[in-house]
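Each remark here refers to the structure printed beneath this line.
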Protein chains: 2
Amino acid sequence: MDDMTRIAFVGLGAMGLPMASNLLSNGFAVTGYDLNAKALDALENAGGERALTATEAASGADILILMVVNAAQAEAVLFEGGALESLRPDGVVALMATCPPSAVEAIDDRVRNAGRRLIDSPVSGGVAGAKAATLTIMAAGPKDTFEMAKPAFDALGDKVFHVGERPGQGAMVKTVNQLLCGVHIAVVAEAFALAAKVGVDLRILLEIMSGSSASSWMLKDRGPRMLETEPEVTSAVDIFVKDLGIVLDAGRDVKAALPLAAAAQQMFLATSGRGDGKADDSQVIRSYLALNGIK
Amino acid sequence: MDDMTRIAFVGLGAMGLPMASNLLSNGFAVTGYDLNAKALDALENAGGERALTATEAASGADILILMVVNAAQAEAVLFEGGALESLRPDGVVALMATCPPSAVEAIDDRVRNAGRRLIDSPVSGGVAGAKAATLTIMAAGPKDTFEMAKPAFDALGDKVFHVGERPGQGAMVKTVNQLLCGVHIAVVAEAFALAAKVGVDLRILLEIMSGSSASSWMLKDRGPRMLETEPEVTSAVDIFVKDLGIVLDAGRDVKAALPLAAAAQQMFLATSGRGDGKADDSQVIRSYLALNGIK
């Protein structure tokens, strides 16, 4: 990993903390910042250093990893606190939080205007992937910037892709991922509601579909919970209201019609509108049951 | 298999012929009928008997298997030619062709009015599954009727399900299968078109999505052919125009709104309308490229 060894890590949440630990165990020097003092304690226990501000963490670092909640937080860290300026002059900002593609493009503009470099690098794989260092990383930016960050990415995930030369393209790949996930969940609900209307046993239906060309990752994961009345919440309806909102905003930004994503979002939105936004996202099926008058 | 050993098999096409052969190799006596004399020659070579008419084939049989093209052909065989009447009085009609649920219900009414029994038993798995006896069989009808046909079904497939007590429910399960398949193909096209609009490398996108929660059987199967300009035709656009038509008809019959299936069918329909109905169904992506002005 030549001289790219000093990493500033901002955002030590459920995913960020295990990611920082994996960097430490791969020989990187990590200085972290988070509003949560317990997260900083945990980072120190793992061999890292704590900083009092994001700007202090970034001071002289080679790579500044942002694993914050959204684009607004990323902007606050970079431009308001001054973290961008305190980064090493040839340092790289790795924006790994999930952000709308247009927001990433805007951040990239400001980073480049300040003479720094950004690698747009959202992840998928969740907390489990963060802990096991098996994340998928969808990185976009100039090839040489990607190569500078790659040793760090390799410590975080085992599926590291350079998806394009322009920041925003990584966020778009993540957006497309969410488009497919959201529609796949909604269409399972649509299919189950049709079958339920004629009294087909949904457990047998799920078993058949799971082994046929009708199968999807979401069918196998969300399908069983669709058959429960109050399933455990693994990811909430409101998350897909938000994520499919990002999908549709991205489509609007680039002027692309997305009829299936738009229809699917309406079903999640209606579920939330009836008061079920905090329910497991499999419960989008309640919108189909309500719509089609199925008990 | 007690005394259920004499089978009449009508419809010895690409799937029917290997299915009849599998029955013969499992000890059933099979008399077949098809308009195609070569298929009857092949049946004889496999140890079966040929009949000059469907009614002759059905004469005294325990089970009459219909593997014809559609519901209209099934009705012609059963009611116009007289095959139903020539079946053994306690014999079973196994309707294994893909038919709309409402058509199966209508056929069942007429079969029961004639004092006979129907098992609604469509299949999935294609020619490969027919040859390897690995078909999925989605059977609906009274349990005792199902049990009478089950030994024959076990010779044809390795995933034999009793999905409900009422004929029409099997056809509905097959319909739901096609709903999921059709929407899954269309949404991959929608996702790829969005990514293409911003210049994301679709080969890398496909690789990422294939290994993520965005994956589906159709993404992995049709996705690669979506990236080709003139891919080999494994199943035509017009097949999904028809199959999603059956889906929407089924929804209309039971008064169930199916917003995603309806939107997906429009994209297949438009593809056909531009003259690409005979193209591989992956080419529904051409509708998204046309719609969104992507070259």
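All residue names refer to the structure tokens as shown: chains lettered A, B, ... in order, residues numbered from 1 in each chain, ligands numbered from 1 in order.
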Between chain A and chain B, at 8 Å or less, what are the per-residue closest atom pairs and their distances in Å? Count only C-alpha atoms, order by chain and rising residue number, and return it as a tab-separated table.
```
residue	atom	partner	partner_atom	distance
A:Ser124	CA	B:Ser212	CA	7.7
A:Gly125	CA	B:Ser212	CA	7.7
A:Thr136	CA	B:Ile208	CA	7.8
A:Phe161	CA	B:Ile204	CA	7.5
A:Val163	CA	B:Asp201	CA	6.3
A:Gly164	CA	B:Val200	CA	6.0
A:Gln169	CA	B:Val200	CA	6.2
A:Met172	CA	B:Ala195	CA	6.7
A:Val173	CA	B:Leu205	CA	6.8
A:Val176	CA	B:Ala191	CA	5.6
A:Asn177	CA	B:Ala214	CA	5.5
A:Gln178	CA	B:Ala214	CA	7.2
A:Leu179	CA	B:Ala191	CA	6.8
A:Leu180	CA	B:Ala214	CA	5.3
A:Cys181	CA	B:Ala214	CA	4.9
A:Val183	CA	B:Val187	CA	7.4
A:His184	CA	B:His184	CA	7.2
A:Val187	CA	B:Leu260	CA	6.6
A:Val188	CA	B:Leu180	CA	7.1
A:Glu190	CA	B:Leu258	CA	6.4
A:Ala191	CA	B:Val176	CA	5.6
A:Phe192	CA	B:Val176	CA	7.8
A:Leu194	CA	B:Ala256	CA	6.4
A:Ala195	CA	B:Met172	CA	6.7
A:Lys197	CA	B:Val254	CA	7.2
A:Val198	CA	B:Gln169	CA	7.0
A:Gly199	CA	B:Gly164	CA	7.7
A:Val200	CA	B:Gly164	CA	5.9
A:Asp201	CA	B:Val163	CA	6.2
A:Ile204	CA	B:Val163	CA	6.4
A:Leu205	CA	B:Val173	CA	6.8
A:Ile208	CA	B:Thr136	CA	7.8
A:Met209	CA	B:Asn177	CA	6.6
A:Ser212	CA	B:Gly125	CA	7.7
A:Ser213	CA	B:Trp217	CA	5.5
A:Ala214	CA	B:Cys181	CA	4.9
A:Ser215	CA	B:Trp217	CA	5.6
A:Ser216	CA	B:Ser216	CA	3.8
A:Trp217	CA	B:Ser213	CA	5.5
A:Met218	CA	B:Ser213	CA	6.6
A:Gly251	CA	B:Leu194	CA	6.9
A:Val254	CA	B:Lys197	CA	7.2
A:Lys255	CA	B:Asn292	CA	7.5
A:Ala256	CA	B:Asn292	CA	5.4
A:Ala257	CA	B:Asn292	CA	6.4
A:Leu258	CA	B:Glu190	CA	6.4
A:Pro259	CA	B:Ala263	CA	6.7
A:Leu260	CA	B:Leu260	CA	6.0
A:Ala263	CA	B:Leu260	CA	6.5
A:Ala264	CA	B:Leu260	CA	7.1
A:Leu291	CA	B:Ala257	CA	7.5
A:Asn292	CA	B:Ala256	CA	5.4
```
Output of the above residues as a short mmCIF file (atom, residue, chain, number, x, y, z; two decimals), in the first residue's frame, restricted to N, CA and C atoms:
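Produced file selection-v3.cif, reproduced below:
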```
data_model
loop_
_atom_site.label_atom_id
_atom_site.label_comp_id
_atom_site.auth_asym_id
_atom_site.auth_seq_id
_atom_site.Cartn_x
_atom_site.Cartn_y
_atom_site.Cartn_z
N SER A 124 -22.43 -1.82 -0.65
CA SER A 124 -23.60 -2.62 -0.27
C SER A 124 -23.09 -3.86 0.43
N GLY A 125 -23.96 -4.45 1.21
CA GLY A 125 -23.57 -5.63 1.98
C GLY A 125 -23.94 -5.51 3.45
N THR A 136 -19.46 -4.95 -1.05
CA THR A 136 -19.32 -4.58 -2.45
C THR A 136 -19.06 -3.07 -2.48
N PHE A 161 -15.20 -2.64 -7.28
CA PHE A 161 -15.37 -2.37 -8.71
C PHE A 161 -15.10 -0.91 -9.03
N VAL A 163 -16.42 1.48 -11.46
CA VAL A 163 -17.57 1.46 -12.36
C VAL A 163 -17.57 2.60 -13.38
N GLY A 164 -16.71 3.59 -13.19
CA GLY A 164 -16.68 4.69 -14.15
C GLY A 164 -15.68 5.74 -13.73
N GLN A 169 -21.22 8.30 -10.80
CA GLN A 169 -21.56 7.02 -11.43
C GLN A 169 -21.62 5.88 -10.40
N MET A 172 -24.85 6.20 -8.82
CA MET A 172 -25.89 5.74 -9.74
C MET A 172 -26.00 4.21 -9.72
N VAL A 173 -24.86 3.53 -9.63
CA VAL A 173 -24.91 2.06 -9.54
C VAL A 173 -25.65 1.64 -8.27
N VAL A 176 -29.29 2.23 -8.89
CA VAL A 176 -29.86 1.16 -9.73
C VAL A 176 -30.09 -0.11 -8.91
N ASN A 177 -29.15 -0.39 -8.01
CA ASN A 177 -29.31 -1.54 -7.11
C ASN A 177 -30.60 -1.41 -6.31
N GLN A 178 -30.85 -0.21 -5.79
CA GLN A 178 -32.05 0.00 -4.98
C GLN A 178 -33.31 -0.03 -5.84
N LEU A 179 -33.21 0.42 -7.08
CA LEU A 179 -34.35 0.33 -8.01
C LEU A 179 -34.77 -1.14 -8.16
N LEU A 180 -33.79 -2.00 -8.43
CA LEU A 180 -34.10 -3.42 -8.61
C LEU A 180 -34.65 -4.02 -7.31
N CYS A 181 -34.02 -3.72 -6.19
CA CYS A 181 -34.48 -4.27 -4.91
C CYS A 181 -35.91 -3.85 -4.60
N VAL A 183 -38.36 -2.73 -6.60
CA VAL A 183 -39.36 -3.31 -7.51
C VAL A 183 -39.50 -4.80 -7.24
N HIS A 184 -38.41 -5.47 -6.95
CA HIS A 184 -38.50 -6.91 -6.68
C HIS A 184 -39.36 -7.20 -5.45
N VAL A 187 -43.10 -6.44 -6.44
CA VAL A 187 -43.74 -7.38 -7.38
C VAL A 187 -44.03 -8.72 -6.70
N VAL A 188 -43.23 -9.09 -5.72
CA VAL A 188 -43.57 -10.31 -4.96
C VAL A 188 -44.90 -10.09 -4.23
N GLU A 190 -47.27 -8.06 -5.16
CA GLU A 190 -48.33 -8.05 -6.19
C GLU A 190 -48.72 -9.47 -6.57
N ALA A 191 -47.70 -10.32 -6.75
CA ALA A 191 -47.95 -11.71 -7.15
C ALA A 191 -48.67 -12.48 -6.04
N PHE A 192 -48.21 -12.30 -4.81
CA PHE A 192 -48.83 -13.01 -3.68
C PHE A 192 -50.29 -12.56 -3.49
N LEU A 194 -52.36 -11.52 -5.77
CA LEU A 194 -53.19 -12.14 -6.81
C LEU A 194 -53.49 -13.59 -6.44
N ALA A 195 -52.47 -14.31 -6.01
CA ALA A 195 -52.66 -15.72 -5.64
C ALA A 195 -53.59 -15.85 -4.44
N LYS A 197 -55.96 -13.94 -3.63
CA LYS A 197 -57.34 -13.63 -4.04
C LYS A 197 -58.10 -14.88 -4.48
N VAL A 198 -57.39 -15.87 -5.01
CA VAL A 198 -58.05 -17.11 -5.44
C VAL A 198 -57.76 -18.26 -4.49
N GLY A 199 -57.24 -17.95 -3.30
CA GLY A 199 -57.10 -18.98 -2.28
C GLY A 199 -55.94 -19.95 -2.46
N VAL A 200 -54.96 -19.57 -3.27
CA VAL A 200 -53.77 -20.43 -3.40
C VAL A 200 -52.97 -20.37 -2.10
N ASP A 201 -52.46 -21.53 -1.68
CA ASP A 201 -51.62 -21.60 -0.48
C ASP A 201 -50.31 -20.88 -0.73
N ILE A 204 -46.88 -22.74 -0.24
CA ILE A 204 -46.50 -23.61 -1.36
C ILE A 204 -46.06 -22.75 -2.54
N LEU A 205 -46.80 -21.66 -2.78
CA LEU A 205 -46.43 -20.76 -3.88
C LEU A 205 -45.01 -20.25 -3.71
N ILE A 208 -42.51 -22.92 -4.54
CA ILE A 208 -42.41 -23.16 -5.99
C ILE A 208 -41.62 -22.03 -6.65
N MET A 209 -41.99 -20.78 -6.34
CA MET A 209 -41.35 -19.64 -7.00
C MET A 209 -39.86 -19.55 -6.64
N SER A 212 -37.91 -21.60 -9.10
CA SER A 212 -38.21 -21.46 -10.53
C SER A 212 -37.53 -20.23 -11.12
N SER A 213 -37.76 -20.00 -12.39
CA SER A 213 -37.21 -18.83 -13.07
C SER A 213 -37.84 -17.53 -12.54
N ALA A 214 -38.85 -17.63 -11.69
CA ALA A 214 -39.49 -16.46 -11.08
C ALA A 214 -38.75 -15.99 -9.83
N SER A 215 -37.66 -16.65 -9.50
CA SER A 215 -37.00 -16.38 -8.23
C SER A 215 -36.16 -15.09 -8.26
N SER A 216 -36.02 -14.51 -7.09
CA SER A 216 -35.12 -13.36 -6.91
C SER A 216 -34.57 -13.44 -5.50
N TRP A 217 -33.47 -12.70 -5.28
CA TRP A 217 -32.91 -12.63 -3.93
C TRP A 217 -33.97 -12.11 -2.96
N MET A 218 -34.73 -11.10 -3.38
CA MET A 218 -35.74 -10.50 -2.52
C MET A 218 -36.92 -11.45 -2.28
N GLY A 251 -33.66 9.65 -11.78
CA GLY A 251 -34.26 9.56 -13.11
C GLY A 251 -34.68 10.93 -13.61
N VAL A 254 -31.62 13.03 -14.76
CA VAL A 254 -31.04 12.71 -16.07
C VAL A 254 -32.13 12.57 -17.14
N LYS A 255 -33.37 12.87 -16.76
CA LYS A 255 -34.51 12.81 -17.67
C LYS A 255 -34.69 11.39 -18.25
N ALA A 256 -34.87 10.43 -17.33
CA ALA A 256 -35.15 9.05 -17.73
C ALA A 256 -36.44 8.60 -17.06
N ALA A 257 -37.41 8.14 -17.87
CA ALA A 257 -38.67 7.63 -17.35
C ALA A 257 -38.45 6.25 -16.75
N LEU A 258 -39.00 6.03 -15.55
CA LEU A 258 -38.82 4.77 -14.83
C LEU A 258 -40.19 4.25 -14.37
N PRO A 259 -40.99 3.74 -15.30
CA PRO A 259 -42.39 3.40 -14.96
C PRO A 259 -42.54 2.36 -13.86
N LEU A 260 -41.70 1.35 -13.82
CA LEU A 260 -41.85 0.32 -12.79
C LEU A 260 -41.44 0.85 -11.42
N ALA A 263 -44.19 3.11 -10.11
CA ALA A 263 -45.37 2.38 -9.61
C ALA A 263 -45.05 1.71 -8.28
N ALA A 264 -43.85 1.13 -8.17
CA ALA A 264 -43.47 0.46 -6.92
C ALA A 264 -43.41 1.45 -5.77
N LEU A 291 -55.66 -2.52 -1.41
CA LEU A 291 -56.10 -2.10 -2.75
C LEU A 291 -57.09 -3.09 -3.34
N ASN A 292 -56.79 -4.37 -3.19
CA ASN A 292 -57.60 -5.40 -3.84
C ASN A 292 -58.63 -6.03 -2.92
#
```
>> Taking only stretch 85-285 of chain B into account, list the residues labelled helix (DSSP H, G or I) by DSSP (computed from the backbone), as a ChimeraX atom specification.
In response: /B:85-86,101-113,126-132,143-156,169-197,202-210,217-226,237-253,259-276,281-285
> Got a sec: who's within 10 Å of B:Thr31, counting only C-alpha atoms, leaving out chain neighbours fewer than 3 positions off, as a list in words?
Replying inline: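 Once the adjacent positions are removed, what remains is Arg6, Ile7, Ala8, Phe9, Val10, Ala20, Leu24, Phe28, Leu40, Leu43, Glu44, Gly47, Gly48, Glu49, Arg50, Ala51, Ala54, Glu56, Ala57, Ala58, Ser59, Ala61 and Leu64 of chain B.
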Same residues, C-alpha atoms, saved as a PDB file, in the first residue's frame:
```pdb
ATOM      1  CA  ARG B   6     -52.895 -46.830 -18.808  1.00  0.00           C
ATOM      2  CA  ILE B   7     -52.188 -43.329 -20.023  1.00  0.00           C
ATOM      3  CA  ALA B   8     -53.485 -41.499 -23.078  1.00  0.00           C
ATOM      4  CA  PHE B   9     -51.086 -38.713 -24.083  1.00  0.00           C
ATOM      5  CA  VAL B  10     -52.308 -36.012 -26.478  1.00  0.00           C
ATOM      6  CA  ALA B  20     -44.392 -39.591 -22.727  1.00  0.00           C
ATOM      7  CA  LEU B  24     -42.938 -45.406 -20.621  1.00  0.00           C
ATOM      8  CA  PHE B  28     -46.772 -46.881 -17.678  1.00  0.00           C
ATOM      9  CA  LEU B  40     -46.044 -40.905 -33.271  1.00  0.00           C
ATOM     10  CA  LEU B  43     -43.438 -42.655 -29.467  1.00  0.00           C
ATOM     11  CA  GLU B  44     -43.610 -46.161 -30.959  1.00  0.00           C
ATOM     12  CA  GLY B  47     -42.311 -48.419 -26.628  1.00  0.00           C
ATOM     13  CA  GLY B  48     -45.642 -46.615 -26.817  1.00  0.00           C
ATOM     14  CA  GLU B  49     -48.666 -47.147 -29.017  1.00  0.00           C
ATOM     15  CA  ARG B  50     -50.004 -44.779 -31.620  1.00  0.00           C
ATOM     16  CA  ALA B  51     -53.652 -43.849 -32.038  1.00  0.00           C
ATOM     17  CA  ALA B  54     -57.362 -38.450 -29.544  1.00  0.00           C
ATOM     18  CA  GLU B  56     -58.996 -43.653 -29.771  1.00  0.00           C
ATOM     19  CA  ALA B  57     -56.002 -42.846 -27.542  1.00  0.00           C
ATOM     20  CA  ALA B  58     -58.290 -42.070 -24.621  1.00  0.00           C
ATOM     21  CA  SER B  59     -60.376 -45.210 -25.055  1.00  0.00           C
ATOM     22  CA  ALA B  61     -57.431 -45.012 -20.368  1.00  0.00           C
ATOM     23  CA  LEU B  64     -55.711 -38.562 -20.219  1.00  0.00           C
TER      24      LEU B  64
END
```
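Residue neighbourhood of B:Val233, excluding near-sequence residues (fewer than 5 positions): B:Lys278, B:Ala279, B:Asp280, B:Asp281, B:Ser282, at 9 Å, using only C-alpha atoms.
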Export of prior selection with C-alpha atoms as an mmCIF file, in the first residue's frame:
```cif
data_model
loop_
_atom_site.group_PDB
_atom_site.id
_atom_site.type_symbol
_atom_site.label_atom_id
_atom_site.label_comp_id
_atom_site.auth_asym_id
_atom_site.auth_seq_id
_atom_site.Cartn_x
_atom_site.Cartn_y
_atom_site.Cartn_z
ATOM 1 C CA LYS B 278 -39.828 -12.061 -32.760
ATOM 2 C CA ALA B 279 -36.667 -10.760 -31.043
ATOM 3 C CA ASP B 280 -35.360 -12.285 -27.811
ATOM 4 C CA ASP B 281 -37.452 -11.077 -24.869
ATOM 5 C CA SER B 282 -34.337 -9.417 -23.388
#
```
> Within 7 Å of B:Asp108, counting only C-alpha atoms, which residues qualify if same-chain residues fewer than 3 places away don't, as a ChimeraX atom specification?
Replying inline: /B:104-105,111-112,118,167
>> What's around B:Ala155 at 12 Å? Count only C-alpha atoms, leave out sequence neighbours fewer than 2 positions away in its own chain, and write the answer as a PyMOL selection string.
In response: chain B and resi 1+5+18-28+129-137+149-153+157-160
>> Among stretch 18-264 of chain B, which ones does DSSP assign to strand (DSSP E) (computed from the backbone)? Answer as a ChimeraX atom specification.
In response: /B:29-33,49-50,63-66,92-95,117-120,123-124,135-140,157-164
Just to be explicit: take each residue in the selection above, keep C-alpha atoms, and write the result as a PDB file, in the first residue's frame.
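Final file, result_31.pdb:
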```pdb
ATOM      1  CA  ALA B  29     -48.582 -48.033 -20.805  1.00  0.00           C
ATOM      2  CA  VAL B  30     -48.842 -44.974 -23.067  1.00  0.00           C
ATOM      3  CA  THR B  31     -51.040 -44.524 -26.134  1.00  0.00           C
ATOM      4  CA  GLY B  32     -50.352 -41.238 -27.865  1.00  0.00           C
ATOM      5  CA  TYR B  33     -51.947 -38.954 -30.369  1.00  0.00           C
ATOM      6  CA  GLU B  49     -48.666 -47.147 -29.017  1.00  0.00           C
ATOM      7  CA  ARG B  50     -50.004 -44.779 -31.620  1.00  0.00           C
ATOM      8  CA  ILE B  63     -55.415 -40.854 -17.220  1.00  0.00           C
ATOM      9  CA  LEU B  64     -55.711 -38.562 -20.219  1.00  0.00           C
ATOM     10  CA  ILE B  65     -52.789 -36.146 -20.283  1.00  0.00           C
ATOM     11  CA  LEU B  66     -53.292 -33.016 -22.399  1.00  0.00           C
ATOM     12  CA  VAL B  92     -58.762 -38.485 -14.676  1.00  0.00           C
ATOM     13  CA  VAL B  93     -58.019 -35.718 -17.161  1.00  0.00           C
ATOM     14  CA  ALA B  94     -54.629 -34.097 -16.442  1.00  0.00           C
ATOM     15  CA  LEU B  95     -54.584 -30.689 -18.143  1.00  0.00           C
ATOM     16  CA  ARG B 117     -62.509 -35.553 -12.964  1.00  0.00           C
ATOM     17  CA  LEU B 118     -59.942 -32.943 -13.901  1.00  0.00           C
ATOM     18  CA  ILE B 119     -56.569 -32.205 -12.362  1.00  0.00           C
ATOM     19  CA  ASP B 120     -55.289 -28.759 -13.364  1.00  0.00           C
ATOM     20  CA  VAL B 123     -45.673 -27.358 -15.640  1.00  0.00           C
ATOM     21  CA  SER B 124     -42.554 -25.257 -15.697  1.00  0.00           C
ATOM     22  CA  LEU B 135     -40.360 -30.503 -14.258  1.00  0.00           C
ATOM     23  CA  THR B 136     -42.164 -28.469 -11.643  1.00  0.00           C
ATOM     24  CA  ILE B 137     -45.838 -29.536 -11.633  1.00  0.00           C
ATOM     25  CA  MET B 138     -48.374 -27.159 -10.067  1.00  0.00           C
ATOM     26  CA  ALA B 139     -51.464 -29.328  -9.560  1.00  0.00           C
ATOM     27  CA  ALA B 140     -54.865 -28.227  -8.328  1.00  0.00           C
ATOM     28  CA  GLY B 157     -41.083 -34.073 -12.567  1.00  0.00           C
ATOM     29  CA  ASP B 158     -39.217 -33.918  -9.294  1.00  0.00           C
ATOM     30  CA  LYS B 159     -41.083 -30.916  -7.865  1.00  0.00           C
ATOM     31  CA  VAL B 160     -44.721 -32.036  -7.715  1.00  0.00           C
ATOM     32  CA  PHE B 161     -46.940 -29.692  -5.711  1.00  0.00           C
ATOM     33  CA  HIS B 162     -50.629 -29.887  -4.763  1.00  0.00           C
ATOM     34  CA  VAL B 163     -51.343 -26.145  -4.701  1.00  0.00           C
ATOM     35  CA  GLY B 164     -55.091 -26.196  -4.060  1.00  0.00           C
TER      36      GLY B 164
END
```
> Could you pull the residues within 8 Å of A:Asp238, counting only C-alpha atoms, minus those fewer than 3 positions along the same chain, as JSON, numbers by chain?
Replying inline: {"A": [241, 242, 268, 269, 272, 277, 278, 281]}
